[in-house]
Amino acid sequence: MPTLWLFLIVLGIAAVGYVLGRQRALGTVGGDNRRLHSLPSYYGSNVLIKVVVPAFLLMVAWLLIQPIVVGNTISGMIPDRSVDAKGSLGLVMAEVRRTADGLDNAVAQGLMDEDFVTGARADLADVTQRLRDAGQIVTSEVTQPILNAAQRYRVMNATGNLMMTIAVLVVAVLGALWGLRESHGDFRARNTVERSIRALLIGAASIAILTTVGIILSLVFNTIEFFRLYPAADFFFGTNWAPSFSGRGGSSDLGVLPLLWGTFYISIVALAVAVPIGLFAAIYLSEYASPKVRSVAKPLLEVLAGIPTIVYGLFALLTVGPLLLKVFGDDGLGIMQAGTAVMTAGLVMGIMLIPFVSSLSDDIINAVPQAMRDGSYGLGATQSETIRQVVLPAALPGIVGAILLAASRAIGETMIVVLGAGAAARLDLNPFEAMTTVTAKIVSQLTGDADFASPEALVAFALGMTLFVITLCLNVFALYIVRKYREQYE
Amino acid sequence: MYDTPNTERAVDQKDIKFSARGVQVYYGDTHAIKDVDVALEDKTVTAFIGPSGCGKSTFLRCLNRMNDTIDICRVEGDILLDGEDIYDRKVDPVQLRAKVGMVFQKPNPFPKSIYDNIAYGPRIHGMAKSKADLDEIVERALRRGAIWDEVKDRLQASGTGLSGGQQQRLCIARAVATEPEVLLMDEPCSALDPIATAQVEELIDELRTEYSVVIVTHSMQQAARVSQKTAFFHLGNLVEFGETGKIFTNPEDPRTESYITGRIG
Ligand SMILES: Nc1ncnc2c1ncn2[C@@H]1O[C@H](COP(=O)(O)OP(=O)(O)OP(=O)(O)O)[C@@H](O)[C@H]1O
Ligand SMILES: [Mg+2]
């Protein structure tokens, strides 16, 4: 039985359980709501939870474990020479699965009957042909060990699924009975449901945390692998970035410094654009603009945040770059060689970040209580004095947070850099030179055709890890600042 | 039942500081102040009393144009300060507020140190020539606000870290520090204990020698103790205005009488 059906049936049992639980609870007190400990719906929910939760947990666990068990059994059946012939066990197993799927399809389409499948032993060419007819992609002729394995695979999966169905249904029904038995007037259904909801929320939080941990671990292992192939000192202190392409022959220079420098340079230019403009815009919107202007201008500004970064990249490449080149290029000041430069990417990235800074700061400034402003006006302060000396200091922790958030965005930005800043890793002070950043290089290292086990590809993980550590430090620093000011201002 | 009203206190004929004529205040469609005429004297403490929501704060805020900061608020009529219309175009509300200081109903210290809270006004108006000068102004203001002894050892601590009553006295000190000609106080003692209340009342009495003070209060005893004139508001109307002693012993309007004897409000 397909898993979807099983899922729906369990939900059906749960729905019936809900109704019955409710009725039973009401029944025990002669239909008088007031004599129940909890509202009737809580008794229903209690039954529902007891049906759904154990049954689905069992189902999920089964679906995760069954393929592992079956896979292990089957791979034990495969003779070594088949493995040698295919190259690796993984490929053989893929072939087995494909064949098994093919047999399933063939049965479903009536091209084979169940007896033929289980007995198909003699004519391999015939089996292969029938599989092809059934629309299954079979690369070469099916060999005997693979066919045997595929047959066994089918049988094991079929029994496994059947057992799962029975087990899940039994658990669901048992859960329903358990819940129903509890449904009498004195039972504290409300508290039980409350506890289940708490467990649900904890579960969601831990999934989020576990995923983060998983991502970090995968980064860490690949990074360690990289440092086994490439000296860490050269990576961290190398001033030259020159990976040899193709990953074989020639030694690569994989120094991270030029990339970090590019990242910081571009981010600083971007923040130098975004912070003043964003902050001033926020101050205007929250303190000076009339409600009407505000209701129009704020959404307009936020549209900027909705533009995909690739569009900003195009803007950098096609508009800002050529414009800068006209002024600073050979026809103008002569300090810019090409349209792609730190300045180009930084300016455009700054524009992208304006709504982040302005929108967050605006909310934060608005959250400063009016009483604070009144206090200042009441002492004869002007509007700008009030903003500078009362409103902004009170809003500072939040504003710093907004700026650091924008900084994290700038550091992690890729598309604008690829299109606006070029691909040359360079340690240079001239903001009109092409440079590149860590993120842009991660992309180019992984999209090349280098072998995935070579240092040229693995360096991407080391770069990712470096970036991760840097942004983490930035966030910790932000938290520290925010907390320090909060102590002072609360 | 009240402290002896100070009927015997000499009330000389004094100059008029504020005079209001036909003042109407609207919050959107709500008519909060209805046609109020009143003349507040210089070097006098005037008390505004009346039930909650009757418009005492609203009228007080008209006197230094704090209502300008509320979008939906509209003020009509004339309010003259020393004979000059404060709602005239020529008048700069910022300068007006420097002359007419205010202590708000809810304490609102700035998120700054205690010292900076007090020094805020004097700094803005350039009142101190030197750091020592400023220190002196701050100390004097804190002493007048009856809070100096409690905070003298922690002037650099945050003003928002004080207790509610301390914050209120800090706000009083802050308002006094700018040496306003008129001080508007909206229930300055509502969060204070009897000792601090007595100190604030002493301050009000002291201020009276140089400035005018307008105080909103819900305490009849307080109004009787500190004020020379009393205005009774009811549902946006100024019902009765006159000598404090007379209002408390021999009110003309039946509403005033029922309020001060505790039958309405
Ligand atoms: N910002 C505002 N927006 C709308 N209506 C307001 C506003 N402030 C006050 N009002 C209304 O104006 C009327 C008078 O309010 P006001 O604050 O002056 O009363 P009050 O006499 O000071 O009362 P309390 O003794 O409780 O402080 C009330 O009906 C109130 O609802
Ligand atoms: Mg009030």
# chains A, B, ... in the order shown; residues from 1 in each chain; ligands from 1

$ residues_near_ligand --ligand "ligand 2" --cutoff "7 Å" --atoms "only C-alpha atoms and all ligand atoms" --output "VMD selection string"
chain B and resid 53 56 to 57 105 186

$ interface_residues --of "chain A" --to "chain B" --cutoff "9 Å" --atoms "only C-alpha atoms" --output "list of chain:residue names"
A:Ala371, A:Met372, A:Arg373, A:Asp374, A:Gly375, A:Ser376, A:Tyr377, A:Gly378, A:Leu379, A:Gly380, A:Ala381, A:Thr382, A:Gln383, A:Glu385, A:Gln389, A:Val390, A:Pro393, A:Ala394, A:Glu487, A:Gln488, A:Tyr489, A:Glu490

$ write_last_selection --atoms "N, CA, C and O atoms" --output "PDB file, in the first residue's frame"
ATOM      1  N   ALA A 371       7.205  59.731  24.634  1.00  0.00           N
ATOM      2  CA  ALA A 371       7.455  60.463  25.874  1.00  0.00           C
ATOM      3  C   ALA A 371       8.889  60.993  25.911  1.00  0.00           C
ATOM      4  O   ALA A 371       9.150  62.070  26.444  1.00  0.00           O
ATOM      5  N   MET A 372       9.806  60.236  25.323  1.00  0.00           N
ATOM      6  CA  MET A 372      11.208  60.648  25.299  1.00  0.00           C
ATOM      7  C   MET A 372      11.350  61.932  24.480  1.00  0.00           C
ATOM      8  O   MET A 372      12.048  62.867  24.873  1.00  0.00           O
ATOM      9  N   ARG A 373      10.683  61.958  23.326  1.00  0.00           N
ATOM     10  CA  ARG A 373      10.748  63.160  22.486  1.00  0.00           C
ATOM     11  C   ARG A 373      10.078  64.320  23.201  1.00  0.00           C
ATOM     12  O   ARG A 373      10.607  65.428  23.238  1.00  0.00           O
ATOM     13  N   ASP A 374       8.901  64.049  23.799  1.00  0.00           N
ATOM     14  CA  ASP A 374       8.191  65.112  24.514  1.00  0.00           C
ATOM     15  C   ASP A 374       9.099  65.723  25.564  1.00  0.00           C
ATOM     16  O   ASP A 374       9.147  66.942  25.719  1.00  0.00           O
ATOM     17  N   GLY A 375       9.811  64.854  26.295  1.00  0.00           N
ATOM     18  CA  GLY A 375      10.704  65.351  27.336  1.00  0.00           C
ATOM     19  C   GLY A 375      11.705  66.330  26.775  1.00  0.00           C
ATOM     20  O   GLY A 375      11.977  67.380  27.354  1.00  0.00           O
ATOM     21  N   SER A 376      12.225  65.987  25.609  1.00  0.00           N
ATOM     22  CA  SER A 376      13.236  66.847  25.007  1.00  0.00           C
ATOM     23  C   SER A 376      12.620  68.143  24.482  1.00  0.00           C
ATOM     24  O   SER A 376      13.141  69.235  24.728  1.00  0.00           O
ATOM     25  N   TYR A 377      11.480  68.022  23.795  1.00  0.00           N
ATOM     26  CA  TYR A 377      10.824  69.238  23.295  1.00  0.00           C
ATOM     27  C   TYR A 377      10.434  70.138  24.460  1.00  0.00           C
ATOM     28  O   TYR A 377      10.539  71.352  24.381  1.00  0.00           O
ATOM     29  N   GLY A 378       9.996  69.510  25.547  1.00  0.00           N
ATOM     30  CA  GLY A 378       9.556  70.267  26.706  1.00  0.00           C
ATOM     31  C   GLY A 378      10.660  71.098  27.324  1.00  0.00           C
ATOM     32  O   GLY A 378      10.407  72.037  28.056  1.00  0.00           O
ATOM     33  N   LEU A 379      11.909  70.714  27.048  1.00  0.00           N
ATOM     34  CA  LEU A 379      13.040  71.490  27.558  1.00  0.00           C
ATOM     35  C   LEU A 379      13.499  72.524  26.540  1.00  0.00           C
ATOM     36  O   LEU A 379      14.534  73.159  26.707  1.00  0.00           O
ATOM     37  N   GLY A 380      12.772  72.651  25.458  1.00  0.00           N
ATOM     38  CA  GLY A 380      13.124  73.659  24.465  1.00  0.00           C
ATOM     39  C   GLY A 380      14.167  73.188  23.481  1.00  0.00           C
ATOM     40  O   GLY A 380      14.951  73.993  22.994  1.00  0.00           O
ATOM     41  N   ALA A 381      14.192  71.896  23.177  1.00  0.00           N
ATOM     42  CA  ALA A 381      15.127  71.410  22.169  1.00  0.00           C
ATOM     43  C   ALA A 381      14.455  71.434  20.804  1.00  0.00           C
ATOM     44  O   ALA A 381      13.240  71.281  20.705  1.00  0.00           O
ATOM     45  N   THR A 382      15.245  71.635  19.751  1.00  0.00           N
ATOM     46  CA  THR A 382      14.671  71.587  18.410  1.00  0.00           C
ATOM     47  C   THR A 382      14.558  70.138  17.972  1.00  0.00           C
ATOM     48  O   THR A 382      15.024  69.223  18.646  1.00  0.00           O
ATOM     49  N   GLN A 383      13.955  69.962  16.801  1.00  0.00           N
ATOM     50  CA  GLN A 383      13.733  68.608  16.330  1.00  0.00           C
ATOM     51  C   GLN A 383      15.048  67.863  16.081  1.00  0.00           C
ATOM     52  O   GLN A 383      15.212  66.719  16.479  1.00  0.00           O
ATOM     53  N   GLU A 385      17.993  68.508  17.334  1.00  0.00           N
ATOM     54  CA  GLU A 385      18.682  68.264  18.613  1.00  0.00           C
ATOM     55  C   GLU A 385      18.082  67.048  19.303  1.00  0.00           C
ATOM     56  O   GLU A 385      18.794  66.192  19.836  1.00  0.00           O
ATOM     57  N   GLN A 389      20.334  63.843  20.018  1.00  0.00           N
ATOM     58  CA  GLN A 389      20.781  63.610  21.384  1.00  0.00           C
ATOM     59  C   GLN A 389      19.892  62.690  22.189  1.00  0.00           C
ATOM     60  O   GLN A 389      20.311  62.192  23.224  1.00  0.00           O
ATOM     61  N   VAL A 390      18.681  62.468  21.724  1.00  0.00           N
ATOM     62  CA  VAL A 390      17.797  61.594  22.499  1.00  0.00           C
ATOM     63  C   VAL A 390      17.367  60.380  21.690  1.00  0.00           C
ATOM     64  O   VAL A 390      17.551  59.242  22.111  1.00  0.00           O
ATOM     65  N   PRO A 393      20.551  58.063  20.214  1.00  0.00           N
ATOM     66  CA  PRO A 393      21.206  57.271  21.255  1.00  0.00           C
ATOM     67  C   PRO A 393      20.304  56.165  21.787  1.00  0.00           C
ATOM     68  O   PRO A 393      20.764  55.050  22.025  1.00  0.00           O
ATOM     69  N   ALA A 394      19.009  56.477  21.937  1.00  0.00           N
ATOM     70  CA  ALA A 394      18.112  55.442  22.454  1.00  0.00           C
ATOM     71  C   ALA A 394      17.960  54.312  21.452  1.00  0.00           C
ATOM     72  O   ALA A 394      17.781  53.160  21.824  1.00  0.00           O
ATOM     73  N   GLU A 487      22.476  47.944  28.382  1.00  0.00           N
ATOM     74  CA  GLU A 487      22.679  48.164  29.812  1.00  0.00           C
ATOM     75  C   GLU A 487      22.654  49.657  30.109  1.00  0.00           C
ATOM     76  O   GLU A 487      22.054  50.124  31.055  1.00  0.00           O
ATOM     77  N   GLN A 488      23.314  50.389  29.231  1.00  0.00           N
ATOM     78  CA  GLN A 488      23.437  51.813  29.476  1.00  0.00           C
ATOM     79  C   GLN A 488      22.111  52.541  29.281  1.00  0.00           C
ATOM     80  O   GLN A 488      21.832  53.530  29.936  1.00  0.00           O
ATOM     81  N   TYR A 489      21.314  52.040  28.356  1.00  0.00           N
ATOM     82  CA  TYR A 489      20.143  52.815  27.958  1.00  0.00           C
ATOM     83  C   TYR A 489      18.833  52.252  28.457  1.00  0.00           C
ATOM     84  O   TYR A 489      17.797  52.577  27.943  1.00  0.00           O
ATOM     85  N   GLU A 490      18.875  51.329  29.423  1.00  0.00           N
ATOM     86  CA  GLU A 490      17.575  50.840  29.881  1.00  0.00           C
ATOM     87  C   GLU A 490      17.331  51.121  31.338  1.00  0.00           C
ATOM     88  O   GLU A 490      18.245  51.338  32.090  1.00  0.00           O
TER      89      GLU A 490
END

$ closest_residue --among "A:Leu162, A:Val357, A:Ala338, A:Ala478" --to "Leu324 of chain A" --atoms "only C-alpha atoms"
A:Ala338

$ residues_near_ligand --ligand "ligand 1" --cutoff "8 Å" --atoms "only C-alpha atoms and all ligand atoms" --output "VMD selection string"
chain B and resid 26 to 28 30 to 33 50 to 60 70 72 to 73 105 186 to 187 216 to 218 233 236

$ residues_around --residues "Tyr18 of chain A" --least-positions-apart "4" --cutoff "7 Å" --atoms "only C-alpha atoms" --output "list in words"
Ala14, Arg22, Gly44, Ser45, Val47 and Leu48 of chain A

$ write_last_selection --atoms "C-alpha atoms" --output "CSV table (one decimal), in the first residue's frame"
chain,number,residue,atom,x,y,z
A,14,ALA,CA,-7.3,10.2,14.2
A,22,ARG,CA,-15.1,14.2,22.7
A,44,GLY,CA,-10.8,14.9,21.2
A,45,SER,CA,-7.4,16.4,20.6
A,47,VAL,CA,-7.1,11.1,21.3
A,48,LEU,CA,-6.0,12.6,18.0

$ select_by_dssp --residues "segment 162-268 of chain A" --states "strand (DSSP E)" --output "list in words"
Trp241, Ala242, Asp253 and Leu254 of chain A

$ write_last_selection --atoms "all heavy atoms" --output "short mmCIF file (atom, residue, chain, number, x, y, z; two decimals), in the first residue's frame"
data_model
loop_
_atom_site.label_atom_id
_atom_site.label_comp_id
_atom_site.auth_asym_id
_atom_site.auth_seq_id
_atom_site.Cartn_x
_atom_site.Cartn_y
_atom_site.Cartn_z
N TRP A 241 46.50 34.12 -5.09
CA TRP A 241 45.41 33.18 -5.38
C TRP A 241 45.52 32.81 -6.85
O TRP A 241 45.20 33.60 -7.72
CB TRP A 241 44.06 33.82 -5.08
CG TRP A 241 42.91 32.95 -5.48
CD1 TRP A 241 42.24 32.96 -6.66
CD2 TRP A 241 42.31 31.93 -4.70
NE1 TRP A 241 41.26 32.02 -6.67
CE2 TRP A 241 41.28 31.36 -5.47
CE3 TRP A 241 42.56 31.41 -3.41
CZ2 TRP A 241 40.49 30.31 -5.00
CZ3 TRP A 241 41.75 30.38 -2.96
CH2 TRP A 241 40.73 29.84 -3.74
N ALA A 242 46.02 31.59 -7.12
CA ALA A 242 46.15 31.17 -8.51
C ALA A 242 45.95 29.67 -8.60
O ALA A 242 46.90 28.90 -8.67
CB ALA A 242 47.54 31.54 -9.04
N ASP A 253 48.40 28.04 -6.13
CA ASP A 253 48.54 28.92 -4.98
C ASP A 253 47.14 29.22 -4.49
O ASP A 253 46.32 29.77 -5.22
CB ASP A 253 49.22 30.23 -5.38
CG ASP A 253 50.72 30.07 -5.38
OD1 ASP A 253 51.20 29.15 -4.70
OD2 ASP A 253 51.39 30.86 -6.06
N LEU A 254 46.85 28.85 -3.23
CA LEU A 254 45.50 29.07 -2.73
C LEU A 254 45.54 29.94 -1.47
O LEU A 254 45.14 29.52 -0.39
CB LEU A 254 44.82 27.73 -2.42
CG LEU A 254 44.64 26.79 -3.62
CD1 LEU A 254 44.10 25.45 -3.18
CD2 LEU A 254 43.71 27.41 -4.64
#

$ closest_residue --among "B:Lys34, B:Arg123, B:Lys17, B:Arg140" --to "Leu80 of chain B" --atoms "only C-alpha atoms"
B:Lys17

$ residues_around --residues "segment 426-428 of chain A" --least-positions-apart "6" --cutoff "10 Å" --atoms "only C-alpha atoms" --output "VMD selection string"
chain A and resid 239 to 241 257 to 262 265 434 to 437

$ select_by_dssp --residues "segment 10-78 of chain B" --states "helix (DSSP H, G or I)" --output "list in words"
Lys56, Ser57, Thr58, Phe59, Leu60, Arg61, Cys62, Leu63, Met66, Asn67, Asp68 and Thr69 of chain B

$ write_last_selection --atoms "N, CA, C and O atoms" --output "compact mmCIF listing (two decimals), in the first residue's frame"
# COMPACT_ATOMS: atom_id res chain seq x y z
N LYS B 56 -7.29 68.43 32.07
CA LYS B 56 -6.26 69.21 32.78
C LYS B 56 -4.92 69.14 32.02
O LYS B 56 -4.31 70.17 31.72
N SER B 57 -4.50 67.92 31.70
CA SER B 57 -3.24 67.78 30.98
C SER B 57 -3.31 68.48 29.63
O SER B 57 -2.36 69.14 29.20
N THR B 58 -4.43 68.33 28.97
CA THR B 58 -4.58 68.93 27.65
C THR B 58 -4.40 70.44 27.72
O THR B 58 -3.66 71.03 26.93
N PHE B 59 -5.06 71.07 28.69
CA PHE B 59 -4.94 72.52 28.79
C PHE B 59 -3.51 72.93 29.17
O PHE B 59 -2.96 73.89 28.62
N LEU B 60 -2.92 72.13 30.06
CA LEU B 60 -1.55 72.43 30.47
C LEU B 60 -0.62 72.39 29.25
O LEU B 60 0.26 73.23 29.08
N ARG B 61 -0.82 71.38 28.40
CA ARG B 61 0.04 71.23 27.24
C ARG B 61 -0.17 72.34 26.21
O ARG B 61 0.69 72.57 25.37
N CYS B 62 -1.32 73.00 26.28
CA CYS B 62 -1.53 74.14 25.37
C CYS B 62 -0.59 75.28 25.73
O CYS B 62 -0.21 76.08 24.87
N LEU B 63 -0.26 75.37 27.02
CA LEU B 63 0.47 76.54 27.49
C LEU B 63 1.91 76.57 26.99
O LEU B 63 2.52 77.63 26.98
N MET B 66 2.93 71.98 23.61
CA MET B 66 3.33 70.58 23.45
C MET B 66 2.31 69.83 22.60
O MET B 66 2.60 68.77 22.06
N ASN B 67 1.09 70.41 22.49
CA ASN B 67 0.10 69.73 21.67
C ASN B 67 0.47 69.74 20.19
O ASN B 67 -0.08 68.98 19.41
N ASP B 68 1.44 70.59 19.82
CA ASP B 68 1.88 70.60 18.42
C ASP B 68 2.40 69.24 17.98
O ASP B 68 2.36 68.89 16.80
N THR B 69 2.92 68.46 18.96
CA THR B 69 3.52 67.17 18.56
C THR B 69 2.47 66.11 18.32
O THR B 69 2.79 65.03 17.86

$ closest_residue --among "A:Ser183, A:Gln445, A:Ser196, A:Thr386" --to "Val52 of chain A" --atoms "only C-alpha atoms"
A:Ser196

$ residues_around --residues "Ile215 of chain B" --least-positions-apart "4" --cutoff "9 Å" --atoms "only C-alpha atoms" --output "ChimeraX atom specification"
/B:45-49,60,183-188,223,227
